[in-house]
Protein chains: 2
Amino acid sequence: MAKKRKTSGKDDRKKDKYLRLIPLGGLGEVGRNMTLLEYDRKILIIDVGFRMPEEDTPGVDFIIPNTDYLNKRKKDIVGVVFTHGHYDHIGALPYVMDKIYKKNLKLFASPLTKGIILKRQDDFPREPKINVKEVKDGSRVKLNPFTVEFFRQNHNIPDNLGLVIETPVGRIIHTSDFKFDKNPVNDLPTDFGKIQRLGDRGILLMMSDSTGAEEEGHSLSEAEIAANLEKIFEKADGRIIAATFSSLINRIQQMITLSEQYNRKVCVEGYSMKTNIEISKKLGYIKAKKDTFIRTKEMKNYPDNRITVLCTGAQGEEEAALMRIVTKEHSLIRLQKKDTVIFSSSVIPGNERSVQFMKDEILLQGAEVYHYKMMDIHAGGHGKRKDLEKMIKLIRPKFFLPIHGQHSMLFAHAALARKNGIPEKNIVVAENGQVIKMDEKRIFISKEEVPANFIMVDGLGVGDVGEVVLRDRKVLADDGIFVIIAVVDKKTGRVRGSPDIISRGFVYLRESKELLQEARKKVIVIVNKATGSGGAVNWSYVKKEIRSNIGQFLFSKTERRPMILPVLIEV
Amino acid sequence: MAKKRKTSGKDDRKKDKYLRLIPLGGLGEVGRNMTLLEYDRKILIIDVGFRMPEEDTPGVDFIIPNTDYLNKRKKDIVGVVFTHGHYDHIGALPYVMDKIYKKNLKLFASPLTKGIILKRQDDFPREPKINVKEVKDGSRVKLNPFTVEFFRQNHNIPDNLGLVIETPVGRIIHTSDFKFDKNPVNDLPTDFGKIQRLGDRGILLMMSDSTGAEEEGHSLSEAEIAANLEKIFEKADGRIIAATFSSLINRIQQMITLSEQYNRKVCVEGYSMKTNIEISKKLGYIKAKKDTFIRTKEMKNYPDNRITVLCTGAQGEEEAALMRIVTKEHSLIRLQKKDTVIFSSSVIPGNERSVQFMKDEILLQGAEVYHYKMMDIHAGGHGKRKDLEKMIKLIRPKFFLPIHGQHSMLFAHAALARKNGIPEKNIVVAENGQVIKMDEKRIFISKEEVPANFIMVDGLGVGDVGEVVLRDRKVLADDGIFVIIAVVDKKTGRVRGSPDIISRGFVYLRESKELLQEARKKVIVIVNKATGSGGAVNWSYVKKEIRSNIGQFLFSKTERRPMILPVLIEV
């Protein structure tokens, strides 16, 4: 739910000798990660992510951060660093290019993250070509007055990097999204000793991922997931249809490895799944034998128990591959008995009903279903409470800023930090758009605020869908629209003939002829009364009368409140 | 997601010597419970519930069963029995009165269920007054050719009754919604011996609640909940604001008892909460000291730590009391520091985001939050897998029909029955509208089907919102509407002046003047071209041209597809 925030406070940037931390997104929400670090007017940008739309943003494709604070500040941007290749960290980049792009703009990302960023930029041919410099574990780049050092962090996409940032006031750690994993798939195990040594260097501030801060215990290791997935592969005697997020490169690797092990060919369905596998294969992050992948068309050349379909749609997305298979709209794949369908992902809040619909349909069509509530076949990419505590203990920062999560997660993470010895005054729970100031001695939320409201992307429009348009969409969705067109004779001031009524989403018109007839009569009475007295007619008053009278009339008959649009045409 | 089902099969009711079980709702869904038992054309109705609307039924208030099968069958209805007072079991009654009401209609319910049913009928003054006969544990009523015996079952509302139904083909048990509870609040503990004795009588078929069939273990006892709630009461040093479902009478009792114990007065907020407490108090199902309840206005006469607010809105419902408190729209209550807010309910799928929004807001306003994921302060009313297994073992039916639940729950429950010794051929997983036939020897799904689609209630309209209206609402919600009004001169066939455009929910009009201007020009060209050749004009062709051309134009400019409504007026 979008909140408006007033921009307030004086511009004391020039005389500011504090380090300024400005979260433009990611606080009070999951997604849309983007943070600015500013010192002496120089700005470092960390991540440029988007988030998915909500129920109360109908029709919106996704939501990006407001970057108005960067207006006319291009010269001050010393660089952009990306932690990893998930869209909630890189997805808004094409939309903020006008704010940040300059010829010598410095962008830094690990090889896989870079691959995903560049592939996405291809979809925006009008945007300028960008040059992303590769960094890896141990890389160090000087972006005056900052120096950024990258360190490997486990997550559910390879090539994820945490940041150590040397600033004029002290050293900051940004954890990136992370989990601890002693037995990861497709990645090195967490090196706790190394993280501890980072802490040994003396950390002024840690900014740490809060997504798992309300969940007890440790997050599962990918190796445990692999073992459970193997049980399913062992048992399946028909096709396996495995749906997961296309960004879960390591999970996809597991499915491929298991398929090879169990002598199955792999078909890939879904645009983003194909794209991500292609990039990851090219860069060596997904390993597969040469003849593992086949086209879906070739499926029929193999027995069912030699086929795995890897597809998108584990969230019940309407256009995704799995949904099309389930609703029999897929051009090549129909469910059949003995198929085993695996949902190897959690369910994002808001998607429960579509996922339930798919599960039910799959079962009714006679196939087997495995989902994460039945068996541990999905692990989140985020450390849980025990892991977050361990991170705090390893790093031992002086100040603590929980990032990335709903407010309830940020508060829970802050409480965890207090419990682990960080004093209350050294912990800041902030909101997007607040300016957090920090020096060696203290950290606090200043009175200054920058714009950080939701910017909606809908089709080609960025930011043009605002409160008014969304409110109208919600009214239209609930009770539809009722357009009344009356032609008024200029000379007599009377309605000519019978007004036209066009209505959608309100009632089934064919069954509501009486209602419409009565409404028409009422409109004629209202107009004729208003124009009858002679003299100049106040048309906007007449329209208001129609809206209010017809509105009441329709409500009394139906208890619905369609949007009423009167159109009066003088001829 | 509404599914259409064709009504098929011959009407072989007359010669049918099977018992016919016809679920009109509750299979493949949670809610909308209504089942018919038919033998020799005589019909017994079990429950008449509704369900809440879904994301893809915008604007709909709730969804009721299709009861067309009962058209002209009033004389055949031998009675209606209600298991308990939750709306998913009684809520559709006012809407099906025209199908079932006759002077001597026999309805049966426990005292609390009866109280809730009658209170609700008051809201429908035009419906005929009904006469509900009270039944209780051990009651037996003869409704030829059936005899129904009622037995006490624990749930999260008092006065819940399971059914033993003697039919000409054998004895049936309908469990109602149930949980096992050795230490309930406000109710007697489960009498396992008695349930076992029911089984000893020889049960041909058990129809059993499947809501918990995918959840491991046992359901929590209300006594455990009470103990945890007490910890919160012990600790709270400000007001306690406790939100729960207004139908959870036993949970409400716990809050009242704890408040009395901790010397707190209780204010009640929310219409349904007030109503349910009133009915339950009157009938003796809620016990409170005389001076426990105060009006919210009187709150200020007591210190904060002597106040409990019991309110609706634990699901984040927009109009409910808690939401109004959180958004500062409540006329009497504002959140303050030291308030403790308790969410004593689970989150219904689809409501996660609103509940998260409320939690975040409450924390930002400085109050404490407790919810069921942090602490066991809510128990469902439905037995989980271990409980369901126990029920099967106690009753030992020959046939098994899982009822009340999503298909995935029904399938899981069926698998549980197989595991506990009921042969596959004796288990039926059915869908709404199927006619299940049964005699002493076998149970099967016949080819006959009856209408069982969703009937939407929207305001005063029942069933008038169908696929067309819903589809339009969805289009309107996603991309809005674009109405074009062109006045065409009869003589010249040319557009007079500039067409009017009215648009809502599409773009912000003030910022889109160019787009509108271009669209107007295009409309003029299309109309003038069509009318220019002289002769009769095919107006529906012209409208089609406008829809398709302007649609393409707007999509090319915005990548949105508003609903386009052309209006052409000849003058």
# chains A, B, ... in the order shown; residues from 1 in each chain; ligands from 1

call {"tool": "residues_around", "arguments": {"residues": "segment 539-547 of chain B", "least_positions_apart": "3", "cutoff": "10 Å", "atoms": "only C-alpha atoms", "output": "list in words"}}
result
Phe482, Ile484, Ala519, Lys522, Val523, Ile524, Val525, Ile526, Val527, Asn528, Lys529, Ala530, Thr531, Ala536, Ile550, Gly551, Gln552, Phe553, Met563, Ile564, Leu565, Pro566, Val567 and Leu568 of chain B

call {"tool": "residues_around", "arguments": {"residues": "Leu70 of chain B", "least_positions_apart": "2", "cutoff": "12 Å", "atoms": "only C-alpha atoms", "output": "PyMOL selection string"}}
result
chain B and resi 22+24+35-36+38+41-45+65-68+72-77+96-101+450-452

call {"tool": "atom_distance", "arguments": {"atom1": "atom CA of Val60 of chain A", "atom2": "atom CA of Glu511 of chain B"}}
result
17.9 Å

call {"tool": "select_by_dssp", "arguments": {"residues": "segment 169-230 of chain A", "states": "strand (DSSP E)", "output": "number ranges by chain"}}
result
A: 170-174, 205-209

call {"tool": "residues_around", "arguments": {"residues": "Asp16 of chain A", "least_positions_apart": "4", "cutoff": "9 Å", "atoms": "only C-alpha atoms", "output": "list in words"}}
result
Asp12, Arg20, Tyr39, Asp40 and Arg41 of chain A

call {"tool": "closest_atom_pairs", "arguments": {"of": "segment 216-251 of chain B", "to": "segment 377-384 of chain B", "cutoff": "8 Å", "atoms": "only C-alpha atoms", "output": "tab-separated table"}}
result
residue	atom	partner	partner_atom	distance
B:Glu216	CA	B:Lys384	CA	6.1
B:Gly217	CA	B:Lys384	CA	5.9
B:His218	CA	B:Lys384	CA	5.1
B:Ser219	CA	B:Gly383	CA	5.5
B:Leu220	CA	B:Ala379	CA	5.5
B:Ser221	CA	B:Ala379	CA	7.0
B:Glu222	CA	B:Ala379	CA	6.7
B:Ile225	CA	B:Ile377	CA	4.9
B:Ala226	CA	B:Ile377	CA	7.5
B:Asn228	CA	B:Ile377	CA	6.1
B:Leu229	CA	B:Ile377	CA	6.1

call {"tool": "write_last_selection", "arguments": {"atoms": "all heavy atoms", "output": "compact mmCIF listing (two decimals), in the first residue's frame"}}
result
# COMPACT_ATOMS: atom_id res chain seq x y z
N GLU B 216 0.43 -31.49 9.11
CA GLU B 216 0.93 -32.59 9.94
C GLU B 216 0.49 -32.44 11.39
O GLU B 216 0.22 -31.36 11.87
CB GLU B 216 2.47 -32.62 9.90
CG GLU B 216 3.06 -32.93 8.54
CD GLU B 216 2.64 -34.29 7.99
OE1 GLU B 216 2.29 -35.19 8.78
OE2 GLU B 216 2.65 -34.45 6.75
N GLY B 217 0.45 -33.57 12.08
CA GLY B 217 0.26 -33.56 13.53
C GLY B 217 -1.16 -33.37 13.98
O GLY B 217 -2.11 -33.69 13.27
N HIS B 218 -1.27 -32.87 15.22
CA HIS B 218 -2.57 -32.65 15.85
C HIS B 218 -2.86 -31.16 15.85
O HIS B 218 -1.95 -30.35 15.87
CB HIS B 218 -2.51 -33.09 17.33
CG HIS B 218 -2.36 -34.56 17.50
ND1 HIS B 218 -3.42 -35.43 17.38
CD2 HIS B 218 -1.27 -35.32 17.80
CE1 HIS B 218 -2.99 -36.66 17.59
NE2 HIS B 218 -1.69 -36.63 17.84
N SER B 219 -4.13 -30.79 15.92
CA SER B 219 -4.40 -29.36 16.08
C SER B 219 -4.24 -29.01 17.55
O SER B 219 -4.42 -29.83 18.44
CB SER B 219 -5.76 -28.98 15.51
OG SER B 219 -6.76 -29.25 16.43
N LEU B 220 -3.85 -27.77 17.79
CA LEU B 220 -3.60 -27.30 19.15
C LEU B 220 -4.89 -27.27 19.95
O LEU B 220 -5.96 -27.02 19.41
CB LEU B 220 -3.05 -25.88 19.11
CG LEU B 220 -1.61 -25.69 18.68
CD1 LEU B 220 -1.31 -24.20 18.55
CD2 LEU B 220 -0.66 -26.32 19.70
N SER B 221 -4.75 -27.46 21.24
CA SER B 221 -5.91 -27.32 22.12
C SER B 221 -6.10 -25.85 22.46
O SER B 221 -5.14 -25.09 22.56
CB SER B 221 -5.68 -28.12 23.40
OG SER B 221 -6.59 -27.70 24.39
N GLU B 222 -7.36 -25.45 22.65
CA GLU B 222 -7.63 -24.06 23.03
C GLU B 222 -6.97 -23.72 24.37
O GLU B 222 -6.66 -22.56 24.64
CB GLU B 222 -9.14 -23.79 23.08
CG GLU B 222 -9.78 -23.62 21.71
CD GLU B 222 -9.36 -22.34 20.97
OE1 GLU B 222 -9.19 -21.29 21.61
OE2 GLU B 222 -9.18 -22.42 19.74
N ILE B 225 -3.65 -22.26 23.75
CA ILE B 225 -3.79 -20.88 23.29
C ILE B 225 -4.00 -19.95 24.49
O ILE B 225 -3.34 -18.91 24.62
CB ILE B 225 -5.02 -20.75 22.35
CG1 ILE B 225 -4.94 -21.75 21.22
CG2 ILE B 225 -5.16 -19.33 21.83
CD1 ILE B 225 -3.71 -21.70 20.41
N ALA B 226 -4.89 -20.37 25.36
CA ALA B 226 -5.20 -19.56 26.54
C ALA B 226 -3.94 -19.28 27.35
O ALA B 226 -3.70 -18.15 27.80
CB ALA B 226 -6.26 -20.24 27.40
N ASN B 228 -0.86 -19.13 26.33
CA ASN B 228 -0.02 -18.15 25.65
C ASN B 228 -0.61 -16.75 25.70
O ASN B 228 0.10 -15.77 25.88
CB ASN B 228 0.22 -18.58 24.20
CG ASN B 228 1.28 -19.66 24.10
OD1 ASN B 228 2.27 -19.62 24.84
ND2 ASN B 228 1.07 -20.62 23.23
N LEU B 229 -1.93 -16.68 25.53
CA LEU B 229 -2.57 -15.36 25.62
C LEU B 229 -2.33 -14.77 27.01
O LEU B 229 -2.07 -13.58 27.16
CB LEU B 229 -4.07 -15.48 25.35
CG LEU B 229 -4.47 -15.74 23.89
CD1 LEU B 229 -5.97 -15.98 23.79
CD2 LEU B 229 -4.06 -14.57 23.00

call {"tool": "closest_atom_pairs", "arguments": {"of": "chain A", "to": "chain B", "cutoff": "6 Å", "atoms": "only C-alpha atoms", "output": "CSV"}}
result
residue,atom,partner,partner_atom,distance
A:Pro58,CA,B:Asp478,CA,5.3
A:Gly59,CA,B:Asp478,CA,3.7
A:Pro349,CA,B:Glu352,CA,5.9
A:Gly350,CA,B:Gly350,CA,5.2
A:Glu352,CA,B:Pro349,CA,5.8
A:Asp360,CA,B:His407,CA,4.9
A:His407,CA,B:Asp360,CA,5.0
A:Ser408,CA,B:Asp360,CA,5.3
A:Gly459,CA,B:Glu559,CA,4.4
A:Leu460,CA,B:Thr558,CA,4.9
A:Val469,CA,B:Gly505,CA,4.4
A:Asp472,CA,B:Gly505,CA,5.0
A:Arg473,CA,B:Ala477,CA,4.6
A:Leu476,CA,B:Leu476,CA,5.8
A:Ala477,CA,B:Arg473,CA,4.6
A:Asp478,CA,B:Gly59,CA,3.7
A:Asp479,CA,B:Gly59,CA,5.9
A:Gly480,CA,B:Arg473,CA,6.0
A:Gly505,CA,B:Val469,CA,4.4
A:Thr558,CA,B:Leu460,CA,4.9
A:Glu559,CA,B:Gly459,CA,4.4
A:Arg560,CA,B:Gly459,CA,5.7

call {"tool": "write_last_selection", "arguments": {"atoms": "C-alpha atoms", "output": "mmCIF file, in the first residue's frame"}}
result
data_model
loop_
_atom_site.group_PDB
_atom_site.id
_atom_site.type_symbol
_atom_site.label_atom_id
_atom_site.label_comp_id
_atom_site.auth_asym_id
_atom_site.auth_seq_id
_atom_site.Cartn_x
_atom_site.Cartn_y
_atom_site.Cartn_z
ATOM 1 C CA PRO A 58 -4.327 -3.137 -10.639
ATOM 2 C CA GLY A 59 -2.876 -3.265 -14.133
ATOM 3 C CA PRO A 349 2.112 -13.732 -0.462
ATOM 4 C CA GLY A 350 -0.818 -12.918 -2.695
ATOM 5 C CA GLU A 352 -1.716 -18.603 -2.663
ATOM 6 C CA ASP A 360 -6.171 -28.800 -7.507
ATOM 7 C CA HIS A 407 8.779 -3.132 8.742
ATOM 8 C CA SER A 408 7.863 -6.101 10.920
ATOM 9 C CA GLY A 459 3.246 -0.687 -20.302
ATOM 10 C CA LEU A 460 5.364 2.105 -21.726
ATOM 11 C CA VAL A 469 -5.775 6.430 -12.139
ATOM 12 C CA ASP A 472 -10.533 4.916 -10.802
ATOM 13 C CA ARG A 473 -9.376 1.413 -11.680
ATOM 14 C CA LEU A 476 -14.284 0.323 -12.091
ATOM 15 C CA ALA A 477 -13.226 -3.119 -10.862
ATOM 16 C CA ASP A 478 -15.721 -3.164 -8.012
ATOM 17 C CA ASP A 479 -18.877 -1.895 -9.674
ATOM 18 C CA GLY A 480 -18.156 -1.024 -13.286
ATOM 19 C CA GLY A 505 -19.022 -4.383 -15.330
ATOM 20 C CA THR A 558 -28.761 -2.694 -6.811
ATOM 21 C CA GLU A 559 -26.639 -1.635 -3.820
ATOM 22 C CA ARG A 560 -23.785 -1.072 -6.250
#

call {"tool": "atom_distance", "arguments": {"atom1": "atom CA of Thr312 of chain B", "atom2": "atom CA of Ile342 of chain B"}}
result
11.3 Å

call {"tool": "residues_around", "arguments": {"residues": "segment 154-164 of chain A", "least_positions_apart": "4", "cutoff": "7 Å", "atoms": "only C-alpha atoms", "output": "VMD selection string"}}
result
chain A and resid 83 to 84 110 112 148 to 150 171 to 181 187 190 247 to 250 381 to 382

call {"tool": "select_by_dssp", "arguments": {"residues": "segment 317-544 of chain A", "states": "helix (DSSP H, G or I)", "output": "MDAnalysis selection string"}}
result
chainID A and resid 321:326 352:364 385:395 407:419 424:426 467:479 509:511 513:532 539:544

call {"tool": "residues_around", "arguments": {"residues": "segment 289-302 of chain A", "least_positions_apart": "4", "cutoff": "7 Å", "atoms": "only C-alpha atoms", "output": "ChimeraX atom specification"}}
result
/A:260,265-267,306

call {"tool": "write_last_selection", "arguments": {"atoms": "N, CA, C and O atoms", "output": "tab-separated table (two decimals), in the first residue's frame"}}
result
chain	number	residue	atom	x	y	z
A	260	GLU	N	20.12	-35.76	-15.46
A	260	GLU	CA	21.22	-36.51	-16.10
A	260	GLU	C	21.46	-37.83	-15.36
A	260	GLU	O	21.61	-38.88	-15.97
A	265	LYS	N	16.04	-36.53	-20.34
A	265	LYS	CA	16.30	-35.35	-21.15
A	265	LYS	C	15.54	-34.17	-20.54
A	265	LYS	O	14.54	-34.36	-19.87
A	266	VAL	N	16.03	-32.98	-20.81
A	266	VAL	CA	15.41	-31.80	-20.22
A	266	VAL	C	14.86	-30.86	-21.30
A	266	VAL	O	15.59	-30.45	-22.20
A	267	CYS	N	13.55	-30.57	-21.20
A	267	CYS	CA	12.95	-29.53	-22.05
A	267	CYS	C	12.76	-28.30	-21.18
A	267	CYS	O	12.37	-28.40	-20.02
A	306	ARG	N	11.81	-40.70	-19.26
A	306	ARG	CA	13.12	-40.14	-19.61
A	306	ARG	C	13.02	-38.63	-19.89
A	306	ARG	O	13.91	-38.04	-20.49

call {"tool": "residues_around", "arguments": {"residues": "Gly170 of chain B", "least_positions_apart": "2", "cutoff": "9 Å", "atoms": "only C-alpha atoms", "output": "MDAnalysis selection string"}}
result
chainID B and resid 165:168 172 202:205 439:440

call {"tool": "residues_around", "arguments": {"residues": "Arg120 of chain B", "least_positions_apart": "6", "cutoff": "10 Å", "atoms": "only C-alpha atoms", "output": "list in words"}}
result
Tyr87, Ile90, Gly91, Leu93, Pro94, Lys114 and Thr275 of chain B

call {"tool": "write_last_selection", "arguments": {"atoms": "C-alpha atoms", "output": "PDB file, in the first residue's frame"}}
result
ATOM      1  CA  TYR B  87     -21.376 -18.542   7.737  1.00  0.00           C
ATOM      2  CA  ILE B  90     -25.483 -21.104   7.223  1.00  0.00           C
ATOM      3  CA  GLY B  91     -24.720 -17.907   5.281  1.00  0.00           C
ATOM      4  CA  LEU B  93     -29.885 -19.478   3.670  1.00  0.00           C
ATOM      5  CA  PRO B  94     -31.533 -16.079   3.050  1.00  0.00           C
ATOM      6  CA  LYS B 114     -30.391 -21.182  15.659  1.00  0.00           C
ATOM      7  CA  THR B 275     -23.766  -8.942  17.327  1.00  0.00           C
TER       8      THR B 275
END

call {"tool": "decode", "arguments": {"residues": "segment 133-181 of chain A", "atoms": "C-alpha atoms", "output": "PDB file, in the first residue's frame"}}
result
ATOM      1  CA  LYS A 133      32.932  -3.744 -15.116  1.00  0.00           C
ATOM      2  CA  GLU A 134      33.344  -7.234 -13.716  1.00  0.00           C
ATOM      3  CA  VAL A 135      34.197  -7.693 -10.078  1.00  0.00           C
ATOM      4  CA  LYS A 136      34.560 -10.806  -7.988  1.00  0.00           C
ATOM      5  CA  ASP A 137      35.347 -12.013  -4.481  1.00  0.00           C
ATOM      6  CA  GLY A 138      38.238  -9.844  -3.292  1.00  0.00           C
ATOM      7  CA  SER A 139      37.937  -7.131  -5.962  1.00  0.00           C
ATOM      8  CA  ARG A 140      38.522  -3.636  -4.721  1.00  0.00           C
ATOM      9  CA  VAL A 141      37.488  -0.462  -6.535  1.00  0.00           C
ATOM     10  CA  LYS A 142      38.180   3.116  -5.631  1.00  0.00           C
ATOM     11  CA  LEU A 143      35.203   5.428  -6.138  1.00  0.00           C
ATOM     12  CA  ASN A 144      36.279   8.552  -4.325  1.00  0.00           C
ATOM     13  CA  PRO A 145      35.543   9.234  -1.504  1.00  0.00           C
ATOM     14  CA  PHE A 146      34.533   5.554  -1.200  1.00  0.00           C
ATOM     15  CA  THR A 147      36.395   2.308  -1.711  1.00  0.00           C
ATOM     16  CA  VAL A 148      34.321  -0.793  -2.314  1.00  0.00           C
ATOM     17  CA  GLU A 149      35.590  -4.285  -1.696  1.00  0.00           C
ATOM     18  CA  PHE A 150      33.475  -7.258  -2.748  1.00  0.00           C
ATOM     19  CA  PHE A 151      33.153 -10.547  -0.881  1.00  0.00           C
ATOM     20  CA  ARG A 152      31.371 -13.764  -1.772  1.00  0.00           C
ATOM     21  CA  GLN A 153      28.047 -14.447  -0.055  1.00  0.00           C
ATOM     22  CA  ASN A 154      25.839 -17.509  -0.497  1.00  0.00           C
ATOM     23  CA  HIS A 155      22.340 -16.957  -1.832  1.00  0.00           C
ATOM     24  CA  ASN A 156      20.148 -18.866  -4.269  1.00  0.00           C
ATOM     25  CA  ILE A 157      21.759 -17.346  -7.321  1.00  0.00           C
ATOM     26  CA  PRO A 158      25.491 -17.745  -7.942  1.00  0.00           C
ATOM     27  CA  ASP A 159      27.913 -14.867  -7.942  1.00  0.00           C
ATOM     28  CA  ASN A 160      26.322 -12.923  -5.115  1.00  0.00           C
ATOM     29  CA  LEU A 161      28.578 -10.319  -3.530  1.00  0.00           C
ATOM     30  CA  GLY A 162      28.516  -8.540  -0.196  1.00  0.00           C
ATOM     31  CA  LEU A 163      30.197  -5.155   0.072  1.00  0.00           C
ATOM     32  CA  VAL A 164      32.807  -3.688   2.392  1.00  0.00           C
ATOM     33  CA  ILE A 165      32.731   0.048   1.866  1.00  0.00           C
ATOM     34  CA  GLU A 166      35.468   2.286   3.222  1.00  0.00           C
ATOM     35  CA  THR A 167      33.995   5.725   3.805  1.00  0.00           C
ATOM     36  CA  PRO A 168      35.529   8.856   5.317  1.00  0.00           C
ATOM     37  CA  VAL A 169      33.676   8.154   8.571  1.00  0.00           C
ATOM     38  CA  GLY A 170      34.386   4.453   8.802  1.00  0.00           C
ATOM     39  CA  ARG A 171      33.935   1.005   7.337  1.00  0.00           C
ATOM     40  CA  ILE A 172      30.502  -0.285   6.305  1.00  0.00           C
ATOM     41  CA  ILE A 173      29.391  -3.804   5.510  1.00  0.00           C
ATOM     42  CA  HIS A 174      26.414  -4.384   3.225  1.00  0.00           C
ATOM     43  CA  THR A 175      25.558  -8.093   3.463  1.00  0.00           C
ATOM     44  CA  SER A 176      23.578  -8.282   0.196  1.00  0.00           C
ATOM     45  CA  ASP A 177      20.813 -10.897   0.344  1.00  0.00           C
ATOM     46  CA  PHE A 178      22.433 -13.882   1.962  1.00  0.00           C
ATOM     47  CA  LYS A 179      22.103 -17.278   3.532  1.00  0.00           C
ATOM     48  CA  PHE A 180      24.685 -19.480   5.174  1.00  0.00           C
ATOM     49  CA  ASP A 181      25.154 -22.787   3.427  1.00  0.00           C
TER      50      ASP A 181
END
